[in-house]
$ cat target.cif   # mmCIF, C-alpha atoms and all ligand atoms
data_input
loop_
_atom_site.label_atom_id
_atom_site.label_comp_id
_atom_site.auth_asym_id
_atom_site.auth_seq_id
_atom_site.Cartn_x
_atom_site.Cartn_y
_atom_site.Cartn_z
CA VAL R 30 46.93 -11.34 3.89
CA GLY R 31 45.00 -14.51 3.25
CA VAL R 32 47.16 -16.71 5.47
CA ALA R 33 46.43 -18.11 8.91
CA ALA R 34 46.87 -15.47 11.55
CA ARG R 35 47.49 -15.72 15.25
CA ASP R 36 46.75 -13.04 17.76
CA PRO R 37 49.51 -11.95 20.12
CA PRO R 38 48.74 -14.43 22.93
CA GLY R 39 49.15 -17.20 20.37
CA ARG R 40 45.50 -18.14 20.15
CA HIS R 41 44.24 -19.18 16.69
CA VAL R 42 41.41 -17.09 15.46
CA SER R 43 39.00 -17.61 12.65
CA ALA R 44 38.51 -16.05 9.23
CA ARG R 45 37.36 -12.90 10.98
CA SER R 46 41.00 -12.25 11.82
CA HIS R 47 41.80 -12.24 8.14
CA VAL R 48 39.23 -9.53 7.71
CA ILE R 49 40.74 -7.67 10.63
CA GLY R 50 44.11 -8.10 9.04
CA VAL R 51 42.95 -6.78 5.73
CA ARG R 52 41.27 -3.79 7.32
CA ALA R 53 44.31 -3.10 9.46
CA ALA R 54 46.57 -3.40 6.43
CA LEU R 55 44.44 -0.89 4.64
CA ARG R 56 44.96 1.44 7.55
CA GLY R 57 48.72 1.25 7.18
CA VAL R 58 49.43 -1.77 9.38
CA CYS R 59 51.80 -4.52 8.34
CA ILE R 60 51.02 -8.07 9.44
CA ARG R 61 53.64 -10.80 9.55
CA PRO R 62 51.88 -13.94 8.46
CA GLY R 63 51.80 -16.86 10.85
CA LEU R 64 53.18 -14.96 13.83
CA GLY R 65 50.48 -12.48 14.30
CA VAL R 66 53.19 -9.88 14.94
CA VAL R 67 52.17 -6.46 13.96
CA THR R 68 54.54 -3.78 12.87
CA ALA R 69 52.64 -0.59 13.10
CA PHE R 70 53.21 2.51 11.07
CA PRO R 71 52.57 4.80 12.80
CA PHE R 72 52.42 2.38 15.68
CA GLN R 73 49.94 4.01 18.05
CA SER R 74 47.16 4.76 15.63
CA ALA R 75 47.49 1.31 14.09
CA ALA R 76 47.31 -0.32 17.50
CA ARG R 77 44.20 1.69 18.25
CA ALA R 78 42.73 0.61 14.95
CA MET R 79 43.44 -3.02 15.73
CA GLU R 80 41.89 -2.66 19.17
CA GLU R 81 38.76 -1.20 17.65
CA GLU R 82 38.58 -3.96 15.10
CA GLU R 83 39.07 -6.65 17.68
CA GLU R 84 36.46 -5.12 19.90
CA GLU R 85 34.04 -5.17 16.99
CA ALA R 86 34.93 -8.78 16.25
CA ARG R 87 34.47 -9.77 19.89
CA ALA R 88 31.05 -8.12 19.99
CA LEU R 89 30.03 -9.98 16.86
CA LEU R 90 31.37 -13.31 18.02
CA ALA R 91 29.86 -12.87 21.47
CA GLY R 92 26.50 -12.57 19.81
CA GLY R 93 25.48 -9.12 20.98
CA PRO R 94 21.74 -8.93 20.37
CA ASP R 95 21.80 -6.28 17.70
CA GLN R 96 25.13 -6.77 15.97
CA ALA R 97 25.27 -10.50 15.57
CA ALA R 98 21.62 -11.18 14.88
CA PRO R 99 21.39 -10.04 11.23
CA ARG R 100 24.23 -12.36 10.19
CA ALA R 101 22.56 -15.36 11.73
CA LEU R 102 19.07 -14.62 10.43
CA PRO R 103 17.55 -16.62 7.58
CA ALA R 104 16.98 -14.53 4.45
CA LEU R 105 13.23 -14.22 5.02
CA CYS R 106 13.77 -12.67 8.46
CA ASP R 107 16.74 -10.49 7.56
CA PRO R 108 15.61 -6.92 6.72
CA SER R 109 18.68 -6.32 4.58
CA ARG R 110 17.87 -9.24 2.26
CA LEU R 111 15.65 -9.32 -0.83
CA ALA R 112 13.49 -12.19 0.47
CA HIS R 113 12.47 -10.12 3.49
CA ARG R 114 11.80 -7.04 1.35
CA LEU R 115 9.54 -9.15 -0.85
CA LEU R 116 7.59 -10.22 2.21
CA VAL R 117 7.20 -6.55 3.16
CA LEU R 118 6.13 -5.76 -0.41
CA LEU R 119 3.47 -8.46 -0.26
CA LEU R 120 2.08 -6.92 2.92
CA MET R 121 2.16 -3.43 1.36
CA CYS R 122 0.27 -4.64 -1.69
CA PHE R 123 -2.40 -6.48 0.30
CA LEU R 124 -2.77 -3.47 2.54
CA GLY R 125 -3.87 -1.54 -0.57
CA PHE R 126 -5.77 -4.41 -2.16
CA ALA R 127 -8.14 -4.81 0.72
CA ILE R 128 -8.78 -1.16 1.46
CA PHE R 129 -9.33 -0.19 -2.16
CA ALA R 130 -11.62 -3.17 -2.59
CA MET R 131 -13.68 -1.78 0.28
CA ILE R 132 -13.56 1.83 -0.86
CA ILE R 133 -15.30 0.94 -4.08
CA LEU R 134 -18.32 -0.05 -1.99
CA LEU R 135 -18.76 3.24 -0.29
CA PRO R 136 -21.73 5.30 -1.27
CA PHE R 137 -19.54 8.42 -1.09
CA ARG R 138 -17.28 7.23 -3.89
CA PRO R 139 -15.29 8.59 -5.66
CA ARG R 140 -14.46 11.63 -3.44
CA LEU R 141 -15.50 11.46 0.07
CA ASN R 142 -12.77 7.83 0.67
CA GLY R 143 -10.56 10.54 2.13
CA ILE R 144 -9.96 9.48 5.72
CA GLY R 145 -9.29 5.80 5.09
CA GLY R 146 -7.91 5.58 1.59
CA GLU R 147 -5.88 8.75 1.38
CA SER R 148 -4.15 8.36 4.75
CA LEU R 149 -3.42 4.79 3.85
CA ALA R 150 -1.95 5.88 0.53
CA VAL R 151 0.38 8.32 2.37
CA ALA R 152 1.58 5.54 4.65
CA GLN R 153 1.95 3.15 1.74
CA ASN R 154 4.07 5.62 -0.24
CA THR R 155 6.26 6.37 2.74
CA TYR R 156 6.81 2.67 3.52
CA ALA R 157 7.63 2.03 -0.15
CA VAL R 158 10.35 4.68 -0.14
CA SER R 159 11.73 3.65 3.21
CA TRP R 160 12.13 0.00 2.14
CA PHE R 161 12.86 0.31 -1.57
CA LYS R 162 14.57 3.64 -2.30
CA GLY R 163 17.62 3.04 -4.47
CA LYS R 164 16.40 -0.45 -5.29
CA GLU R 165 13.13 -1.26 -7.05
CA LEU R 166 11.13 1.81 -6.06
CA ASN R 167 9.28 2.54 -9.33
CA LEU R 168 8.32 -1.11 -9.67
CA VAL R 169 7.00 -1.12 -6.13
CA PHE R 170 4.80 1.90 -6.85
CA GLY R 171 3.57 0.12 -9.97
CA LEU R 172 2.77 -3.04 -8.04
CA GLN R 173 0.91 -1.12 -5.35
CA LEU R 174 -1.16 0.61 -7.99
CA SER R 175 -1.82 -2.65 -9.73
CA MET R 176 -3.03 -4.36 -6.54
CA ALA R 177 -5.31 -1.43 -5.76
CA ARG R 178 -6.84 -1.70 -9.24
CA ILE R 179 -7.21 -5.48 -8.97
CA GLY R 180 -8.87 -4.97 -5.60
CA SER R 181 -11.36 -2.53 -7.11
CA THR R 182 -12.04 -4.78 -10.10
CA VAL R 183 -12.52 -7.92 -8.00
CA ASN R 184 -14.84 -5.98 -5.82
CA MET R 185 -16.91 -4.49 -8.63
CA ASN R 186 -17.40 -7.95 -10.11
CA LEU R 187 -17.92 -9.81 -6.87
CA MET R 188 -20.22 -7.60 -4.88
CA GLY R 189 -23.20 -7.76 -7.24
CA TRP R 190 -22.99 -11.54 -7.23
CA LEU R 191 -22.65 -11.61 -3.43
CA TYR R 192 -25.65 -9.29 -3.03
CA SER R 193 -27.85 -11.54 -5.16
CA LYS R 194 -26.73 -14.64 -3.22
CA ILE R 195 -27.58 -12.99 0.10
CA GLU R 196 -30.83 -11.73 -1.34
CA ALA R 197 -31.77 -15.30 -2.32
CA LEU R 198 -30.71 -16.56 1.10
CA LEU R 199 -32.66 -13.99 3.10
CA GLY R 200 -35.51 -13.92 0.63
CA SER R 201 -35.67 -10.13 0.58
CA THR R 202 -34.00 -7.07 -0.89
CA GLY R 203 -33.52 -3.84 1.03
CA HIS R 204 -31.30 -2.60 3.79
CA THR R 205 -30.69 -5.94 5.53
CA THR R 206 -29.35 -7.56 2.38
CA LEU R 207 -27.27 -4.49 1.61
CA GLY R 208 -25.99 -4.35 5.20
CA VAL R 209 -24.93 -8.02 5.22
CA THR R 210 -23.20 -7.59 1.83
CA LEU R 211 -21.31 -4.56 3.06
CA MET R 212 -20.41 -6.39 6.28
CA ILE R 213 -18.84 -9.21 4.29
CA GLY R 214 -17.06 -6.70 2.05
CA GLY R 215 -15.82 -4.98 5.20
CA ILE R 216 -13.95 -8.13 6.19
CA THR R 217 -11.36 -7.12 3.58
CA CYS R 218 -10.54 -4.21 5.87
CA VAL R 219 -9.63 -6.69 8.61
CA LEU R 220 -7.13 -8.17 6.17
CA SER R 221 -5.80 -4.66 5.59
CA LEU R 222 -5.53 -4.11 9.34
CA ILE R 223 -3.57 -7.33 9.81
CA CYS R 224 -1.18 -6.28 7.02
CA ALA R 225 -0.83 -2.82 8.59
CA LEU R 226 0.03 -4.27 12.02
CA ALA R 227 2.51 -6.74 10.55
CA LEU R 228 4.13 -3.94 8.53
CA ALA R 229 4.40 -1.67 11.56
CA TYR R 230 6.09 -4.47 13.50
CA LEU R 231 8.52 -5.36 10.68
CA ASP R 232 9.35 -1.71 10.10
CA GLN R 233 10.25 -1.12 13.74
CA ARG R 234 12.18 -4.36 13.85
CA ALA R 235 14.19 -3.36 10.77
CA GLU R 236 14.97 0.00 12.35
CA ARG R 237 16.32 -1.78 15.40
CA ILE R 238 18.33 -4.38 13.52
CA LEU R 239 19.70 -2.12 10.79
CA HIS R 240 20.29 0.77 13.18
CA LYS R 241 18.29 3.11 11.01
CA GLU R 242 18.48 6.38 12.86
CA GLN R 243 15.23 8.05 13.63
CA GLY R 244 14.82 11.67 14.56
CA LYS R 245 18.46 12.68 14.30
CA ALA R 246 19.25 16.06 15.87
CA GLY R 247 17.28 18.73 14.08
CA GLU R 248 15.22 16.21 12.13
CA VAL R 249 11.92 16.85 13.85
CA ILE R 250 8.81 16.38 11.77
CA LYS R 251 6.86 19.65 11.61
CA LEU R 252 3.94 20.81 9.55
CA THR R 253 5.93 23.98 8.90
CA ASP R 254 8.36 21.85 6.85
CA VAL R 255 6.03 22.77 4.00
CA LYS R 256 7.55 26.25 3.77
CA ASP R 257 10.97 24.69 3.15
CA PHE R 258 9.81 22.49 0.29
CA SER R 259 12.01 23.00 -2.76
CA LEU R 260 10.93 24.37 -6.14
CA PRO R 261 11.18 20.93 -7.82
CA LEU R 262 8.83 19.50 -5.19
CA TRP R 263 6.27 22.25 -5.79
CA LEU R 264 6.51 21.57 -9.51
CA ILE R 265 5.88 17.86 -8.85
CA PHE R 266 2.76 18.88 -6.88
CA ILE R 267 1.54 21.09 -9.76
CA ILE R 268 2.13 18.31 -12.32
CA CYS R 269 0.19 15.93 -10.08
CA VAL R 270 -2.84 18.21 -9.61
CA CYS R 271 -3.07 19.40 -13.22
CA TYR R 272 -2.69 15.87 -14.52
CA TYR R 273 -5.08 14.03 -12.21
CA VAL R 274 -7.85 16.63 -12.60
CA ALA R 275 -7.93 15.74 -16.30
CA VAL R 276 -8.18 12.02 -15.59
CA PHE R 277 -10.35 11.22 -12.56
CA PRO R 278 -13.13 13.81 -13.18
CA PHE R 279 -13.08 12.93 -16.87
CA ILE R 280 -13.67 9.25 -16.05
CA GLY R 281 -16.39 10.37 -13.63
CA LEU R 282 -18.27 12.06 -16.47
CA GLY R 283 -17.06 9.69 -19.17
CA LYS R 284 -20.07 7.39 -19.40
CA VAL R 285 -22.41 10.16 -20.50
CA PHE R 286 -19.70 11.54 -22.80
CA PHE R 287 -19.42 8.26 -24.72
CA THR R 288 -23.18 7.84 -24.90
CA GLU R 289 -23.79 11.38 -26.14
CA LYS R 290 -20.83 12.04 -28.41
CA PHE R 291 -20.24 8.55 -29.82
CA GLY R 292 -23.71 7.05 -29.43
CA PHE R 293 -22.49 4.13 -27.27
CA SER R 294 -24.97 1.96 -25.38
CA SER R 295 -24.86 2.25 -21.60
CA GLN R 296 -22.99 -1.06 -21.34
CA ALA R 297 -20.43 -0.16 -24.02
CA ALA R 298 -19.91 3.26 -22.42
CA SER R 299 -19.22 1.61 -19.04
CA ALA R 300 -16.76 -0.76 -20.66
CA ILE R 301 -14.77 1.94 -22.45
CA ASN R 302 -14.85 4.17 -19.40
CA SER R 303 -13.29 1.52 -17.19
CA VAL R 304 -10.54 0.60 -19.65
CA VAL R 305 -8.11 3.11 -18.10
CA TYR R 306 -8.16 1.20 -14.79
CA VAL R 307 -8.24 -2.18 -16.50
CA ILE R 308 -5.06 -1.29 -18.40
CA SER R 309 -3.40 0.12 -15.32
CA ALA R 310 -3.67 -3.18 -13.40
CA PRO R 311 -1.28 -5.19 -15.61
CA MET R 312 0.73 -2.29 -17.07
CA SER R 313 1.74 -0.42 -13.92
CA PRO R 314 4.32 -3.01 -12.75
CA VAL R 315 5.67 -3.29 -16.31
CA PHE R 316 6.19 0.47 -16.52
CA GLY R 317 7.56 0.53 -12.97
CA LEU R 318 10.21 -1.98 -14.00
CA LEU R 319 10.97 0.00 -17.15
CA VAL R 320 11.53 3.20 -15.16
CA ASP R 321 13.70 1.29 -12.65
CA LYS R 322 15.84 -0.12 -15.43
CA THR R 323 16.27 3.15 -17.32
CA GLY R 324 15.93 5.93 -14.73
CA ARG R 325 15.19 9.34 -16.31
CA ASN R 326 11.92 9.83 -14.40
CA ILE R 327 11.26 13.32 -15.79
CA ILE R 328 11.46 12.10 -19.38
CA TRP R 329 8.97 9.31 -18.65
CA VAL R 330 6.61 11.75 -16.96
CA LEU R 331 6.97 14.04 -19.97
CA CYS R 332 6.06 11.18 -22.35
CA ALA R 333 3.08 10.23 -20.18
CA VAL R 334 1.69 13.76 -19.97
CA ALA R 335 2.22 14.36 -23.71
CA ALA R 336 0.44 11.10 -24.56
CA THR R 337 -2.46 12.06 -22.28
CA LEU R 338 -2.69 15.40 -24.08
CA VAL R 339 -2.87 13.63 -27.45
CA SER R 340 -5.55 11.30 -26.10
CA HIS R 341 -7.74 14.19 -24.87
CA MET R 342 -7.26 16.00 -28.20
CA MET R 343 -8.41 12.90 -30.08
CA LEU R 344 -11.50 12.66 -27.89
CA ALA R 345 -12.24 16.38 -28.26
CA PHE R 346 -11.60 17.08 -31.92
CA THR R 347 -12.05 13.80 -33.80
CA MET R 348 -14.68 11.13 -34.25
CA TRP R 349 -12.03 8.40 -34.38
CA ASN R 350 -12.85 5.22 -32.53
CA PRO R 351 -12.59 6.38 -28.88
CA TRP R 352 -11.14 3.03 -27.82
CA ILE R 353 -7.81 4.20 -29.30
CA ALA R 354 -7.78 7.38 -27.23
CA MET R 355 -8.89 5.61 -24.06
CA CYS R 356 -6.27 2.88 -24.39
CA LEU R 357 -3.65 5.58 -24.88
CA LEU R 358 -4.98 7.31 -21.76
CA GLY R 359 -4.79 4.03 -19.83
CA ILE R 360 -1.19 3.44 -20.89
CA SER R 361 -0.05 6.99 -20.23
CA TYR R 362 -1.80 7.15 -16.86
CA SER R 363 -0.10 3.91 -15.74
CA LEU R 364 3.30 5.26 -16.80
CA LEU R 365 2.78 8.58 -15.05
CA ALA R 366 1.74 7.01 -11.75
CA CYS R 367 4.90 4.84 -11.70
CA ALA R 368 7.33 7.62 -12.59
CA LEU R 369 5.85 10.67 -10.82
CA TRP R 370 5.13 9.56 -7.24
CA PRO R 371 8.58 8.06 -6.55
CA MET R 372 10.24 11.35 -7.58
CA VAL R 373 9.21 12.89 -4.26
CA ALA R 374 11.71 10.61 -2.55
CA PHE R 375 14.57 12.23 -4.49
CA VAL R 376 13.80 15.78 -3.44
CA VAL R 377 12.87 15.58 0.25
CA PRO R 378 14.81 14.18 3.20
CA GLU R 379 13.43 10.92 4.53
CA HIS R 380 11.97 12.38 7.72
CA GLN R 381 9.81 14.79 5.65
CA LEU R 382 8.48 12.14 3.28
CA GLY R 383 5.20 11.59 5.10
CA THR R 384 4.55 15.34 5.22
CA ALA R 385 5.42 15.70 1.53
CA TYR R 386 3.21 12.81 0.41
CA GLY R 387 0.40 13.97 2.69
CA PHE R 388 0.64 17.45 1.24
CA MET R 389 0.76 16.16 -2.32
CA GLN R 390 -2.42 14.19 -1.82
CA SER R 391 -4.13 17.08 -0.03
CA ILE R 392 -3.42 19.40 -2.94
CA GLN R 393 -4.44 16.69 -5.39
CA ASN R 394 -7.76 16.20 -3.62
CA LEU R 395 -8.39 19.92 -3.27
CA GLY R 396 -7.80 20.25 -7.01
CA LEU R 397 -10.06 17.30 -7.75
CA ALA R 398 -12.86 18.67 -5.58
CA ILE R 399 -12.74 22.12 -7.19
CA ILE R 400 -12.26 20.89 -10.75
CA SER R 401 -15.08 18.35 -10.46
CA ILE R 402 -17.47 21.19 -9.60
CA ILE R 403 -16.13 23.40 -12.38
CA ALA R 404 -16.26 20.49 -14.86
CA GLY R 405 -19.91 19.85 -13.98
CA MET R 406 -20.71 23.55 -14.46
CA ILE R 407 -18.93 23.68 -17.84
CA LEU R 408 -20.74 20.54 -18.96
CA ASP R 409 -24.15 21.96 -17.99
CA SER R 410 -23.60 25.35 -19.56
CA ARG R 411 -21.32 24.70 -22.56
CA GLY R 412 -21.38 21.00 -23.36
CA TYR R 413 -18.75 18.35 -23.97
CA LEU R 414 -16.47 20.12 -26.41
CA PHE R 415 -15.79 22.93 -23.95
CA LEU R 416 -15.30 20.43 -21.17
CA GLU R 417 -12.71 18.58 -23.22
CA VAL R 418 -10.97 21.87 -24.07
CA PHE R 419 -10.87 22.60 -20.34
CA PHE R 420 -9.23 19.23 -19.63
CA ILE R 421 -6.76 19.87 -22.45
CA ALA R 422 -5.83 23.18 -20.78
CA CYS R 423 -5.21 21.36 -17.47
CA VAL R 424 -2.97 18.72 -19.11
CA SER R 425 -1.12 21.48 -21.00
CA LEU R 426 -0.40 23.19 -17.69
CA SER R 427 0.90 19.90 -16.39
CA LEU R 428 3.11 19.53 -19.47
CA LEU R 429 4.49 23.02 -18.99
CA SER R 430 5.33 22.20 -15.38
CA VAL R 431 7.18 19.04 -16.46
CA VAL R 432 9.28 21.08 -18.88
CA LEU R 433 9.97 23.60 -16.09
CA LEU R 434 10.90 20.76 -13.75
CA TYR R 435 13.33 19.42 -16.33
CA LEU R 436 14.99 22.83 -16.66
CA VAL R 437 15.09 23.57 -12.93
CA ASN R 438 16.46 20.11 -12.17
CA ARG R 439 19.14 20.57 -14.81
CA ALA R 440 20.08 24.04 -13.61
CA GLN R 441 20.33 22.88 -10.00
CA GLY R 442 22.23 19.71 -10.91
CA GLY R 443 19.42 17.64 -9.39
CA ASN R 444 19.16 13.88 -9.48
CA LEU R 445 15.55 13.55 -10.74
CA ASN R 446 16.53 12.74 -14.29
CA TYR R 447 19.56 10.55 -13.69
CA SER R 448 19.83 7.37 -15.67
CA ALA R 449 19.72 4.06 -13.78
CA ARG R 450 23.47 3.70 -14.28
CA GLN R 451 24.17 7.16 -12.79
CA ARG R 452 22.01 6.30 -9.78
CA GLU R 453 23.86 3.01 -9.34
CA GLU R 454 27.24 4.77 -9.47
CA ILE R 455 26.15 7.30 -6.87
CA LYS R 456 24.86 4.51 -4.65
CA LEU R 457 28.16 2.67 -4.94
CA SER R 458 30.20 5.77 -4.17
CA HIS R 459 28.08 6.33 -1.04
CA THR R 460 28.57 2.72 0.04
CA GLU R 461 32.32 3.07 -0.34
C1 LIG I 501 -5.01 7.63 -3.91
C2 LIG I 501 -4.30 8.84 -4.39
N1 LIG I 501 -5.12 9.98 -4.28
C3 LIG I 501 -3.82 8.71 -5.81
O1 LIG I 501 -4.03 9.55 -6.61
N2 LIG I 501 -3.09 7.68 -6.08
C4 LIG I 501 -2.43 7.50 -7.33
C5 LIG I 501 -1.24 6.64 -7.15
C6 LIG I 501 -0.49 6.77 -5.85
C7 LIG I 501 0.81 6.06 -5.86
C8 LIG I 501 0.75 4.67 -5.31
N3 LIG I 501 0.68 4.57 -3.90
C9 LIG I 501 -3.34 6.88 -8.38
O2 LIG I 501 -3.01 7.01 -9.55
O3 LIG I 501 -4.35 6.28 -8.03
#
$ encode --input "target.cif" --output "structure tokens"
Amino acid sequence: VGVAARDPPGRHVSARSHVIGVRAALRGVCIRPGLGVVTAFPFQSAARAMEEEEEEARALLAGGPDQAAPRALPALCDPSRLAHRLLVLLLMCFLGFAIFAMIILLPFRPRLNGIGGESLAVAQNTYAVSWFKGKELNLVFGLQLSMARIGSTVNMNLMGWLYSKIEALLGSTGHTTLGVTLMIGGITCVLSLICALALAYLDQRAERILHKEQGKAGEVIKLTDVKDFSLPLWLIFIICVCYYVAVFPFIGLGKVFFTEKFGFSSQAASAINSVVYVISAPMSPVFGLLVDKTGRNIIWVLCAVAATLVSHMMLAFTMWNPWIAMCLLGISYSLLACALWPMVAFVVPEHQLGTAYGFMQSIQNLGLAIISIIAGMILDSRGYLFLEVFFIACVSLSLLSVVLLYLVNRAQGGNLNYSARQREEIKLSHTE
């Protein structure tokens, strides 16, 4: 079919006609090269097919605003191209960097960051899935996590220095110095806001250009969607709660734990306590990439939860150097965060993603609030060994839920544990 073609009136047309010819041929149309004469079989349907194709070609060549634009756009402005997705990713990461940098300043830390940080995290997760599902999703989650951790670390190291500079400048300590320092820190939120606005614009633009359908018939977002959540999704929620309650509250109480059980100085206890987050900054994107390349999310989550269990057991029952256990915790936590959160996207339809992520974080925070109180009570009444046993019980519950998820997913023929190759094949078959 790759020969010059002429349309019936004898006008030469471009390479697009070749494409039309190929498509028409595939529909059972025979083209006589050079003459543009079409022998149709069956004639009427083929003629209709040609008409449709020509109409499409005319619309494209005429430069209809929506159809023609994506072809003419440079890669950076074309939402279907990698360069544009990378720009979006940069905005997503800085959105998190700035807000998490600011959150670390708040006197209510680590819980109360709810309204700003948690809603932002829901939006961030939903954007990540919408732009990267079926592509580099686990890596994107890893990068987001990494930027949030870098933001917190930069902030922790910078704010003390900034406070002392302002103190020297104003010649006094107290609320004015603190207020000015917080004001300057707050500027990072303006950066976040700019990223959020740019993202909102690019997202809407992509919807328009790529004709992503929003709110198809019956796809209304309702809070009552929760009752239709599938068993695998509920298991993901349980894994999330039971896992995180053994990590965040543990780190919250960790400093005293290392001072009392291992006789660390205050400085050494702070250092070891923060190693989980320090490891997560560089390792999260690495693990994200690994999960993208291999697939099998459930197996990775299983490894992460099992490693966390081992780490807590080492801290509870041995006097081994706690740096080993804490590094293992840092590594396993980074792996879990990259493999667990993206799984939601495989078990809920796209229009329910925001609800699902919102719900997941609500349950996570409810669990954290309750468990932090219980952990404090156990610590006061029974001491550290009991507390550690309690955390071990939580991680064990999480492990049990992962095993259940594996079995349920297998029984239902679900896609949560597909290899990367299986996912690629499914994607290709959908494209065809
Ligand atoms: C902030 C939220 N409560 C949370 O737990 N976040 C996870 C990672 C969320 C996935 C990346 N957007 C965390 O491990 O901090």
$ residues_near_ligand --input "target.cif" --ligand "ligand LIG 501 (chain I)" --cutoff "10 Å" --atoms "only C-alpha atoms and all ligand atoms" --output "MDAnalysis selection string"
chainID R and resid 121:122 125 129 140 142:143 146:157 167 169:178 269:270 273 276:277 306 309 313 362:371 386:387 389:394 397
$ residues_around --input "target.cif" --residues "Phe291 of chain R" --least-positions-apart "4" --cutoff "9 Å" --atoms "all atoms listed in the file" --output "ChimeraX atom specification"
/R:286-287,348,350-351
$ atom_distance --input "target.cif" --atom1 "atom CA of Ile308 of chain R" --atom2 "atom CA of Ala354 of chain R"
12.7 Å
$ closest_residue --input "target.cif" --among "R:Ser109, R:Ser401, R:Ser361, R:Ser458" --to "Gly281 of chain R" --atoms "all atoms listed in the file"
R:Ser401
$ closest_residue --input "target.cif" --among "R:Leu191, R:Cys224, R:Ala335, R:Ala422" --to "Met212 of chain R" --atoms "all atoms listed in the file"
R:Leu191
$ closest_residue --input "target.cif" --among "R:Cys332, R:Ala275, R:Val305, R:Ile223" --to "Val418 of chain R" --atoms "only C-alpha atoms"
R:Ala275
$ closest_residue --input "target.cif" --among "R:Leu428, R:Phe420, R:Ser410, R:Gly208" --to "Glu196 of chain R" --atoms "all atoms listed in the file"
R:Gly208
$ residues_around --input "target.cif" --residues "Leu319 of chain R" --least-positions-apart "5" --cutoff "9 Å" --atoms "all atoms listed in the file" --output "list in words"
Asn167, Leu168, Pro314 and Gly324 of chain R
$ closest_residue --input "target.cif" --among "R:Leu357, R:Leu120, R:Ile399, R:Ile179" --to "Val274 of chain R" --atoms "only C-alpha atoms"
R:Ile399
$ atom_distance --input "target.cif" --atom1 "atom CA of Ile301 of chain R" --atom2 "atom CA of Met355 of chain R"
7.1 Å
$ atom_distance --input "target.cif" --atom1 "atom CA of Val431 of chain R" --atom2 "atom CA of Val304 of chain R"
25.8 Å
$ closest_residue --input "target.cif" --among "R:Gly189, R:Gly215, R:Gly405, R:Gly412" --to "Ala345 of chain R" --atoms "only C-alpha atoms"
R:Gly412
$ axis_aligned_box --input "target.cif" --around "segment 296-299 of chain R" --padding-each-side "5 Å" --output "lines of an AutoDock Vina configuration file"
center_x = -21.1
center_y = 1.1
center_z = -21.5
size_x = 13.8
size_y = 14.3
size_z = 15.0
$ residues_around --input "target.cif" --residues "Leu414 of chain R" --least-positions-apart "4" --cutoff "12 Å" --atoms "all atoms listed in the file" --output "list in words"
Phe286, Glu289, Lys290, His341, Met342, Met343, Leu344, Ala345, Phe346, Thr347, Ala404, Ile407, Leu408, Asp409, Ser410, Val418, Phe419, Phe420 and Ile421 of chain R
